[in-house]
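Chemist: So here's entry.cif, just mmCIF, C-alpha atoms and all ligand atoms:
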data_target
#
loop_
_atom_site.group_PDB
_atom_site.id
_atom_site.type_symbol
_atom_site.label_atom_id
_atom_site.label_comp_id
_atom_site.auth_asym_id
_atom_site.auth_seq_id
_atom_site.Cartn_x
_atom_site.Cartn_y
_atom_site.Cartn_z
ATOM 1 C CA MET A 1 -8.708 28.601 39.649
ATOM 2 C CA SER A 2 -11.446 27.459 37.308
ATOM 3 C CA PRO A 3 -11.913 23.714 36.702
ATOM 4 C CA PRO A 4 -10.323 22.349 33.539
ATOM 5 C CA THR A 5 -12.432 22.591 30.391
ATOM 6 C CA ASP A 6 -13.268 19.505 28.316
ATOM 7 C CA ALA A 7 -10.633 20.492 25.780
ATOM 8 C CA GLU A 8 -8.048 20.688 28.529
ATOM 9 C CA ARG A 9 -8.972 17.288 29.891
ATOM 10 C CA THR A 10 -8.906 15.786 26.403
ATOM 11 C CA PHE A 11 -5.510 17.303 25.845
ATOM 12 C CA ARG A 12 -4.178 15.727 29.001
ATOM 13 C CA GLU A 13 -5.772 12.330 28.476
ATOM 14 C CA GLU A 14 -5.515 11.806 24.714
ATOM 15 C CA VAL A 15 -2.920 14.170 23.305
ATOM 16 C CA LEU A 16 -0.044 14.285 25.784
ATOM 17 C CA PRO A 17 0.376 10.488 26.082
ATOM 18 C CA GLU A 18 1.392 10.371 22.406
ATOM 19 C CA ILE A 19 4.711 12.049 23.119
ATOM 20 C CA ASP A 20 6.833 8.943 22.468
ATOM 21 C CA ALA A 21 5.287 8.315 19.067
ATOM 22 C CA ILE A 22 5.695 11.972 18.125
ATOM 23 C CA TYR A 23 9.309 11.906 19.240
ATOM 24 C CA ARG A 24 10.040 8.860 17.071
ATOM 25 C CA PHE A 25 8.407 10.548 14.085
ATOM 26 C CA ALA A 26 10.231 13.827 14.752
ATOM 27 C CA LEU A 27 13.532 12.008 15.031
ATOM 28 C CA ARG A 28 13.095 10.355 11.644
ATOM 29 C CA LEU A 29 12.062 13.687 10.081
ATOM 30 C CA ALA A 30 14.717 15.882 11.661
ATOM 31 C CA GLY A 31 17.550 13.403 11.903
ATOM 32 C CA SER A 32 19.072 14.534 15.200
ATOM 33 C CA PRO A 33 17.799 14.105 18.789
ATOM 34 C CA ALA A 34 18.275 17.807 19.571
ATOM 35 C CA GLU A 35 16.219 18.945 16.595
ATOM 36 C CA ALA A 36 13.648 16.257 17.265
ATOM 37 C CA GLN A 37 13.145 17.515 20.818
ATOM 38 C CA ASP A 38 12.598 21.070 19.609
ATOM 39 C CA LEU A 39 10.173 19.761 17.036
ATOM 40 C CA VAL A 40 8.229 17.800 19.656
ATOM 41 C CA GLN A 41 8.007 20.820 21.939
ATOM 42 C CA GLU A 42 6.775 23.054 19.113
ATOM 43 C CA THR A 43 4.287 20.385 18.037
ATOM 44 C CA PHE A 44 2.719 20.141 21.486
ATOM 45 C CA LEU A 45 2.638 23.920 21.910
ATOM 46 C CA ARG A 46 0.747 24.231 18.657
ATOM 47 C CA ALA A 47 -1.539 21.384 19.570
ATOM 48 C CA TRP A 48 -2.281 23.089 22.883
ATOM 49 C CA LYS A 49 -3.079 26.426 21.229
ATOM 50 C CA ASN A 50 -5.352 24.643 18.763
ATOM 51 C CA ARG A 51 -6.806 22.155 21.251
ATOM 52 C CA ASP A 52 -10.378 23.103 20.322
ATOM 53 C CA ALA A 53 -9.729 21.824 16.791
ATOM 54 C CA TYR A 54 -9.197 18.270 18.023
ATOM 55 C CA THR A 55 -12.265 16.015 18.194
ATOM 56 C CA PRO A 56 -12.093 13.755 21.258
ATOM 57 C CA GLY A 57 -11.951 10.060 20.465
ATOM 58 C CA THR A 58 -10.457 10.498 16.988
ATOM 59 C CA ARG A 59 -6.826 9.532 16.560
ATOM 60 C CA ALA A 60 -4.833 12.099 18.503
ATOM 61 C CA ARG A 61 -1.696 10.557 17.096
ATOM 62 C CA SER A 62 -2.630 11.282 13.477
ATOM 63 C CA TRP A 63 -3.561 14.824 14.377
ATOM 64 C CA LEU A 64 -0.200 15.337 16.083
ATOM 65 C CA PHE A 65 1.712 13.782 13.177
ATOM 66 C CA THR A 66 0.067 16.316 10.878
ATOM 67 C CA ILE A 67 1.036 19.227 13.126
ATOM 68 C CA CYS A 68 4.556 17.897 13.592
ATOM 69 C CA ARG A 69 5.041 17.494 9.866
ATOM 70 C CA ASN A 70 3.795 21.027 9.195
ATOM 71 C CA VAL A 71 6.115 22.492 11.806
ATOM 72 C CA PHE A 72 9.004 20.569 10.328
ATOM 73 C CA LEU A 73 8.273 21.583 6.738
ATOM 74 C CA ARG A 74 7.893 25.219 7.698
ATOM 75 C CA GLY A 75 11.308 25.088 9.361
ATOM 76 C CA GLU A 76 12.760 23.468 6.261
ATOM 77 C CA GLU A 77 11.272 26.170 4.074
ATOM 78 C CA ARG A 78 12.801 28.852 6.248
ATOM 79 C CA ARG A 79 16.175 27.193 6.053
ATOM 80 C CA ARG A 80 15.872 26.904 2.299
ATOM 81 C CA ARG A 81 15.137 30.579 1.872
ATOM 82 C CA HIS A 82 18.257 31.553 3.757
ATOM 83 C CA GLU A 83 20.598 29.131 2.068
ATOM 84 C CA GLU A 84 20.796 29.222 -1.687
ATOM 85 C CA ILE A 85 22.946 26.095 -1.671
ATOM 86 C CA VAL A 86 20.154 23.973 -0.340
ATOM 87 C CA ARG A 87 18.363 24.319 -3.652
ATOM 88 C CA GLU A 88 21.193 22.472 -5.338
ATOM 89 C CA GLN A 89 21.198 19.796 -2.685
ATOM 90 C CA SER A 90 17.500 19.117 -2.990
ATOM 91 C CA GLY A 91 18.031 18.813 -6.740
ATOM 92 C CA GLN A 92 20.676 16.202 -6.068
ATOM 93 C CA ALA A 93 18.428 14.435 -3.598
ATOM 94 C CA ALA A 94 15.658 14.201 -6.184
ATOM 95 C CA GLY A 95 18.105 12.724 -8.664
ATOM 96 C CA ALA A 96 19.356 10.243 -6.099
ATOM 97 C CA SER A 97 15.843 9.111 -5.244
ATOM 98 C CA GLU A 98 15.140 8.548 -8.903
ATOM 99 C CA ALA A 99 18.179 6.303 -9.177
ATOM 100 C CA ALA A 100 17.540 4.508 -5.898
ATOM 101 C CA THR A 101 13.959 3.550 -6.746
ATOM 102 C CA GLY A 102 14.988 1.881 -9.985
ATOM 103 C CA ASP A 103 11.830 2.286 -12.013
ATOM 104 C CA GLY A 104 10.180 -0.877 -13.227
ATOM 105 C CA GLU A 105 12.036 -3.185 -10.889
ATOM 106 C CA PRO A 106 9.879 -6.011 -9.577
ATOM 107 C CA ASP A 107 8.865 -5.664 -5.955
ATOM 108 C CA HIS A 108 10.525 -8.895 -5.016
ATOM 109 C CA ALA A 109 14.034 -8.236 -6.411
ATOM 110 C CA VAL A 110 15.763 -8.892 -3.098
ATOM 111 C CA PHE A 111 13.668 -11.961 -2.446
ATOM 112 C CA MET A 112 14.681 -13.377 -5.825
ATOM 113 C CA ALA A 113 18.324 -12.651 -5.034
ATOM 114 C CA VAL A 114 18.329 -14.603 -1.786
ATOM 115 C CA LYS A 115 15.617 -17.195 -2.231
ATOM 116 C CA ASP A 116 17.991 -20.045 -2.849
ATOM 117 C CA ARG A 117 20.050 -19.226 0.226
ATOM 118 C CA ASP A 118 17.521 -17.939 2.740
ATOM 119 C CA PRO A 119 14.028 -18.146 1.271
ATOM 120 C CA GLU A 120 12.240 -17.119 4.453
ATOM 121 C CA GLY A 121 14.516 -14.160 5.082
ATOM 122 C CA THR A 122 15.841 -15.205 8.477
ATOM 123 C CA PHE A 123 18.824 -12.923 7.849
ATOM 124 C CA TRP A 124 16.651 -9.839 8.393
ATOM 125 C CA ALA A 125 16.572 -10.615 12.107
ATOM 126 C CA GLY A 126 20.361 -10.323 12.208
ATOM 127 C CA VAL A 127 20.523 -6.798 10.818
ATOM 128 C CA VAL A 128 21.263 -4.478 13.740
ATOM 129 C CA ASP A 129 18.814 -1.745 14.744
ATOM 130 C CA GLU A 130 21.227 1.112 14.022
ATOM 131 C CA ARG A 131 21.666 0.024 10.413
ATOM 132 C CA ILE A 132 17.920 -0.291 9.917
ATOM 133 C CA LEU A 133 17.259 3.162 11.357
ATOM 134 C CA ALA A 134 20.111 4.616 9.307
ATOM 135 C CA ALA A 135 18.620 3.081 6.168
ATOM 136 C CA ILE A 136 15.238 4.620 6.999
ATOM 137 C CA ASP A 137 16.924 7.987 7.597
ATOM 138 C CA GLY A 138 18.592 7.648 4.212
ATOM 139 C CA LEU A 139 15.295 7.352 2.331
ATOM 140 C CA PRO A 140 14.224 10.367 0.293
ATOM 141 C CA GLY A 141 11.821 12.458 2.426
ATOM 142 C CA ASP A 142 8.637 11.612 0.500
ATOM 143 C CA PHE A 143 9.260 7.907 0.958
ATOM 144 C CA ARG A 144 10.596 8.199 4.473
ATOM 145 C CA GLU A 145 7.550 9.835 5.983
ATOM 146 C CA VAL A 146 5.091 7.271 4.615
ATOM 147 C CA VAL A 147 7.303 4.352 5.660
ATOM 148 C CA VAL A 148 7.646 5.770 9.164
ATOM 149 C CA LEU A 149 3.940 6.495 9.544
ATOM 150 C CA SER A 150 2.880 3.141 8.163
ATOM 151 C CA ASP A 151 5.527 0.640 9.195
ATOM 152 C CA LEU A 152 6.791 2.199 12.402
ATOM 153 C CA GLU A 153 3.623 3.846 13.681
ATOM 154 C CA GLY A 154 0.969 1.570 12.220
ATOM 155 C CA LEU A 155 -1.226 4.136 10.453
ATOM 156 C CA SER A 156 -3.564 2.944 7.711
ATOM 157 C CA TYR A 157 -3.134 4.138 4.099
ATOM 158 C CA ARG A 158 -6.034 6.482 4.697
ATOM 159 C CA GLU A 159 -4.568 7.943 7.851
ATOM 160 C CA VAL A 160 -1.191 8.413 6.203
ATOM 161 C CA ALA A 161 -2.911 10.106 3.256
ATOM 162 C CA GLN A 162 -4.566 12.547 5.643
ATOM 163 C CA VAL A 163 -1.345 13.362 7.460
ATOM 164 C CA VAL A 164 0.709 13.808 4.303
ATOM 165 C CA GLY A 165 -2.045 15.405 2.243
ATOM 166 C CA VAL A 166 -1.811 13.157 -0.821
ATOM 167 C CA PRO A 167 -4.215 10.563 -2.290
ATOM 168 C CA GLU A 168 -4.164 7.023 -0.898
ATOM 169 C CA GLY A 169 -2.822 5.709 -4.200
ATOM 170 C CA THR A 170 0.209 7.957 -3.821
ATOM 171 C CA VAL A 171 0.727 6.737 -0.261
ATOM 172 C CA LYS A 172 0.640 3.175 -1.514
ATOM 173 C CA SER A 173 3.140 3.657 -4.310
ATOM 174 C CA ARG A 174 5.523 5.656 -2.095
ATOM 175 C CA LEU A 175 5.229 3.059 0.642
ATOM 176 C CA PHE A 176 5.946 0.129 -1.667
ATOM 177 C CA ARG A 177 8.867 1.961 -3.277
ATOM 178 C CA GLY A 178 10.196 3.017 0.096
ATOM 179 C CA ARG A 179 10.144 -0.553 1.363
ATOM 180 C CA GLN A 180 11.835 -1.698 -1.804
ATOM 181 C CA ILE A 181 14.681 0.778 -1.333
ATOM 182 C CA LEU A 182 15.015 -0.248 2.308
ATOM 183 C CA LYS A 183 15.185 -3.909 1.403
ATOM 184 C CA LYS A 184 17.881 -3.264 -1.159
ATOM 185 C CA GLU A 185 19.941 -1.217 1.296
ATOM 186 C CA LEU A 186 19.579 -3.695 4.113
ATOM 187 C CA HIS A 187 20.317 -6.602 1.823
ATOM 188 C CA GLU A 188 23.663 -4.921 1.129
ATOM 189 C CA VAL A 189 24.172 -4.414 4.853
ATOM 190 C CA ALA A 190 23.451 -8.099 5.437
ATOM 191 C CA LEU A 191 25.951 -9.117 2.772
ATOM 192 C CA GLU A 192 28.620 -6.843 4.294
ATOM 193 C CA ALA A 193 27.916 -8.223 7.752
ATOM 194 C CA GLY A 194 28.258 -11.767 6.466
ATOM 195 C CA LEU A 195 24.645 -12.623 7.305
ATOM 196 C CA LEU A 196 24.283 -14.023 3.799
ATOM 197 C CA ASP A 197 26.813 -15.951 1.791
ATOM 198 C CA ARG A 198 27.996 -13.799 -1.095
ATOM 199 C CA ASP A 199 29.478 -16.714 -2.995
ATOM 200 C CA ALA A 200 26.330 -18.792 -3.095
ATOM 201 C CA PRO A 201 25.222 -19.529 -6.660
ATOM 202 C CA GLU A 202 23.033 -16.856 -8.167
ATOM 203 C CA PRO A 203 19.443 -18.001 -8.539
ATOM 204 C CA ARG A 204 18.314 -18.842 -12.030
ATOM 205 C CA THR A 205 15.927 -16.134 -13.124
ATOM 206 C CA SER A 206 13.993 -18.355 -15.500
ATOM 207 C CA GLU A 207 12.067 -19.998 -12.701
ATOM 208 C CA GLY A 208 9.931 -18.603 -9.916
ATOM 209 C CA GLY A 209 7.311 -15.882 -9.911
ATOM 210 C CA GLU A 210 9.042 -13.403 -12.184
ATOM 211 C CA PRO A 211 6.413 -11.605 -14.227
ATOM 212 C CA MET B 1 -20.783 -14.519 5.788
ATOM 213 C CA ASN B 2 -20.606 -18.221 5.046
ATOM 214 C CA TRP B 3 -17.909 -18.323 2.420
ATOM 215 C CA VAL B 4 -15.542 -16.505 4.755
ATOM 216 C CA ARG B 5 -16.066 -19.189 7.340
ATOM 217 C CA GLU B 6 -15.606 -21.814 4.655
ATOM 218 C CA LEU B 7 -12.325 -20.264 3.548
ATOM 219 C CA ARG B 8 -11.111 -20.148 7.138
ATOM 220 C CA ARG B 9 -11.956 -23.829 7.518
ATOM 221 C CA LEU B 10 -10.060 -24.638 4.329
ATOM 222 C CA LEU B 11 -7.117 -22.585 5.521
ATOM 223 C CA LYS B 12 -7.000 -24.434 8.818
ATOM 224 C CA GLU B 13 -7.249 -27.754 7.019
ATOM 225 C CA ALA B 14 -4.535 -26.869 4.529
ATOM 226 C CA ARG B 15 -1.977 -25.688 7.094
ATOM 227 C CA GLY B 16 0.881 -28.117 7.368
ATOM 228 C CA LYS B 17 0.274 -29.646 3.965
ATOM 229 C CA ARG B 18 1.156 -26.814 1.632
ATOM 230 C CA THR B 19 0.598 -27.688 -1.976
ATOM 231 C CA ASP B 20 3.417 -27.540 -4.473
ATOM 232 C CA ASP B 21 1.233 -27.521 -7.540
ATOM 233 C CA PRO B 22 2.552 -24.707 -9.749
ATOM 234 C CA ASP B 23 -0.912 -24.047 -11.111
ATOM 235 C CA GLY B 24 -2.432 -24.207 -7.655
ATOM 236 C CA LEU B 25 -5.291 -21.778 -7.342
ATOM 237 C CA GLU B 26 -5.507 -21.609 -3.589
ATOM 238 C CA GLY B 27 -8.134 -19.094 -2.598
ATOM 239 C CA GLY B 28 -9.118 -18.971 -6.283
ATOM 240 C CA LEU B 29 -6.048 -16.854 -7.045
ATOM 241 C CA THR B 30 -3.000 -17.473 -9.187
ATOM 242 C CA CYS B 31 0.409 -17.023 -7.562
ATOM 243 C CA GLN B 32 0.836 -13.765 -9.463
ATOM 244 C CA GLU B 33 -2.469 -12.412 -8.202
ATOM 245 C CA ALA B 34 -1.628 -13.421 -4.649
ATOM 246 C CA ALA B 35 1.820 -11.828 -4.910
ATOM 247 C CA ASP B 36 0.291 -8.635 -6.271
ATOM 248 C CA HIS B 37 -1.774 -8.345 -3.087
ATOM 249 C CA LEU B 38 0.893 -9.412 -0.623
ATOM 250 C CA GLN B 39 1.757 -5.909 0.573
ATOM 251 C CA GLU B 40 -1.835 -4.800 0.982
ATOM 252 C CA TRP B 41 -2.718 -8.032 2.706
ATOM 253 C CA LEU B 42 0.039 -7.579 5.284
ATOM 254 C CA ASP B 43 -1.065 -3.962 5.670
ATOM 255 C CA SER B 44 -4.635 -5.153 6.417
ATOM 256 C CA GLU B 45 -5.905 -2.952 3.606
ATOM 257 C CA LEU B 46 -7.922 -5.507 1.613
ATOM 258 C CA ASP B 47 -11.649 -5.961 1.946
ATOM 259 C CA GLU B 48 -12.805 -8.995 3.870
ATOM 260 C CA GLU B 49 -13.434 -11.251 0.886
ATOM 261 C CA MET B 50 -10.144 -10.528 -0.846
ATOM 262 C CA ALA B 51 -8.219 -10.689 2.433
ATOM 263 C CA ALA B 52 -9.566 -14.177 3.108
ATOM 264 C CA ARG B 53 -8.674 -15.408 -0.381
ATOM 265 C CA VAL B 54 -5.207 -13.891 -0.385
ATOM 266 C CA GLY B 55 -4.608 -15.228 3.119
ATOM 267 C CA VAL B 56 -5.549 -18.760 2.122
ATOM 268 C CA HIS B 57 -3.303 -18.596 -0.903
ATOM 269 C CA LEU B 58 -0.225 -17.112 0.760
ATOM 270 C CA GLU B 59 -0.389 -19.345 3.815
ATOM 271 C CA THR B 60 -0.969 -22.566 1.918
ATOM 272 C CA CYS B 61 0.869 -22.249 -1.389
ATOM 273 C CA ALA B 62 4.352 -23.741 -1.234
ATOM 274 C CA ARG B 63 5.640 -21.298 -3.842
ATOM 275 C CA CYS B 64 4.197 -18.191 -2.216
ATOM 276 C CA TYR B 65 4.703 -19.008 1.430
ATOM 277 C CA PRO B 66 8.441 -18.203 1.459
ATOM 278 C CA ARG B 67 7.733 -14.756 0.046
ATOM 279 C CA LEU B 68 5.233 -14.148 2.796
ATOM 280 C CA ALA B 69 7.667 -15.329 5.459
ATOM 281 C CA PHE B 70 10.397 -13.224 3.864
ATOM 282 C CA GLU B 71 8.263 -10.100 3.921
ATOM 283 C CA ARG B 72 7.169 -10.719 7.496
ATOM 284 C CA ALA B 73 10.763 -11.186 8.648
ATOM 285 C CA PHE B 74 11.689 -7.897 6.975
ATOM 286 C CA ARG B 75 8.849 -6.025 8.644
ATOM 287 C CA GLU B 76 9.556 -7.533 12.037
ATOM 288 C CA ALA B 77 13.143 -6.345 11.817
ATOM 289 C CA VAL B 78 12.023 -2.804 10.951
ATOM 290 C CA GLU B 79 9.480 -2.731 13.783
ATOM 291 C CA ARG B 80 12.008 -4.078 16.238
ATOM 292 C CA ALA B 81 14.477 -1.345 15.293
ATOM 293 C CA ALA B 82 11.816 1.336 15.689
ATOM 294 C CA ARG B 83 10.668 0.078 19.063
ATOM 295 C CA ALA B 84 14.209 0.201 20.377
ATOM 296 C CA GLU B 85 14.037 3.969 20.333
ATOM 297 C CA LYS B 86 12.619 5.859 23.325
ATOM 298 C CA ALA B 87 12.061 9.546 23.932
ATOM 299 C CA PRO B 88 14.658 11.041 26.290
ATOM 300 C CA PRO B 89 13.304 10.945 29.874
ATOM 301 C CA ASP B 90 13.446 14.704 30.373
ATOM 302 C CA LEU B 91 11.569 15.514 27.176
ATOM 303 C CA LYS B 92 8.144 15.194 28.761
ATOM 304 C CA ALA B 93 9.132 17.492 31.642
ATOM 305 C CA ARG B 94 10.477 20.004 29.149
ATOM 306 C CA VAL B 95 7.303 19.914 27.072
ATOM 307 C CA LEU B 96 5.116 20.250 30.182
ATOM 308 C CA GLN B 97 7.097 23.263 31.277
ATOM 309 C CA ALA B 98 6.647 24.897 27.886
ATOM 310 C CA LEU B 99 2.933 24.124 27.959
ATOM 311 C CA GLU B 100 2.513 25.550 31.453
ATOM 312 C CA SER B 101 3.959 28.856 30.279
ATOM 313 C CA GLU B 102 1.072 28.853 27.792
ATOM 314 C CA GLY B 103 -1.595 28.241 30.404
ATOM 315 C CA TYR B 104 -1.682 24.436 30.591
ATOM 316 C CA ARG B 105 -2.150 23.074 34.114
ATOM 317 C CA GLU B 106 -1.424 19.616 35.434
ATOM 318 C CA GLU B 107 -4.363 18.253 37.501
HETATM 319 ZN ZN ZN C 1 1.124 -19.302 -4.888
#
As structure tokens, please, write out the structure in this file.
Modeler:
Amino acid sequence: MSPPTDAERTFREEVLPEIDAIYRFALRLAGSPAEAQDLVQETFLRAWKNRDAYTPGTRARSWLFTICRNVFLRGEERRRRHEEIVREQSGQAAGASEAATGDGEPDHAVFMAVKDRDPEGTFWAGVVDERILAAIDGLPGDFREVVVLSDLEGLSYREVAQVVGVPEGTVKSRLFRGRQILKKELHEVALEAGLLDRDAPEPRTSEGGEP
Amino acid sequence: MNWVRELRRLLKEARGKRTDDPDGLEGGLTCQEAADHLQEWLDSELDEEMAARVGVHLETCARCYPRLAFERAFREAVERAARAEKAPPDLKARVLQALESEGYREE
């Protein structure tokens, strides 16, 4: 048996250890553990076949995210072609995302709503993991992937832009919007769970940093 | 860079005695300007000069500090939720098996 090539060694040492991060990303994209596992397997198979395209010492994780995303989107496209109905659904999803983002709303809407009761947001720590993950899963796809890559996986705007294939400015606006939607959702969750007092007086909007 | 060091010194000095002056220009920024950069500052996406100024403002301004703490608490909760999730233990074995059928060899 011939000794391993450099590309093989790099694959073992830099690429394979990223499996947990790729699984987390795949899970948020695909939504179910079974699909996520298939997606991870396909991602690593593709990475292996294209191992010469990876430059050692660059971020293997970003490279894998890109492959994983492409595999996922190709699968989605296939599904869409076979099911006419899906077209309707994606139309609905686009409409929903429009409504959920609430154009023109100040970034700090939730902060303003709770600042008299819990100005430093200690209630966030009480929101259970499952509800947070469910809220992330509920984000429209364009927002979800940038939030996951940035806030869960720690990629820079530039790295996210490379993975997603959009300009950094787009990453930024999707990220900020995505976080805004998440905050709104989780604020509701916190109210339902009694982590915040619903009956507390509403803050006066005339004061504070409202633009 | 000297002014960066100077800003850090000021920041250290100002900790614990946050100002409540509504026109406070900590870091040479208004509250609105500081708030506009809050997200990018937490994302470590500002250049060194701006990052230092925004940091001084957010950490020392009594009006802005709660927003910073609020945002941090939100992000910590999201990170905590994400970290709670682990790949299934047999996934790596499954992936290795698939790779080996394509010519990959373990050491
Ligand atoms: Zn301020």
Chemist: Show me, as a ChimeraX atom specification, the residues of chain A whose atoms get within 6 Å of chain B, using all atoms listed in the file for the distance check.
Modeler: /A:20,23,41,119-121,124-125,129,152
Chemist: Could you give me, as a list in words, every polymer residue with an atom at most 7 Å away from an atom of ligand ZN 1 (chain C), counting only C-alpha atoms and all ligand atoms?
Modeler: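 If we count only C-alpha atoms and all ligand atoms, the neighbours of ligand ZN 1 (chain C) turn out to be Gly24, Thr30, Cys31, Ala34, His57, Leu58, Cys61, Ala62, Arg63 and Cys64 of chain B.
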Chemist: Using only C-alpha atoms, can you tell me which of A:Ile181, A:Val189, A:Ala21, A:Val127 comes closest to Ala109 (chain A)?
Modeler: A:Ile181
Chemist: Exactly which residues make up the result of the PyMOL selection byres (((chain A and resi 161) around 12) and not hetatm) on this file, given as a VMD selection string?
Modeler: chain A and resid 62 65 to 66 142 145 to 147 149 to 150 155 to 160 162 to 175
Chemist: Applied to the shown file, which residues does the PyMOL selection byres (((chain B and resi 55) around 12) and not hetatm) return, written as an NGL selection string?
Modeler: :B and (4 or 7-8 or 10-12 or 14-15 or 26-29 or 31 or 33-35 or 37-42 or 44 or 46-54 or 56-61 or 64-65 or 68)
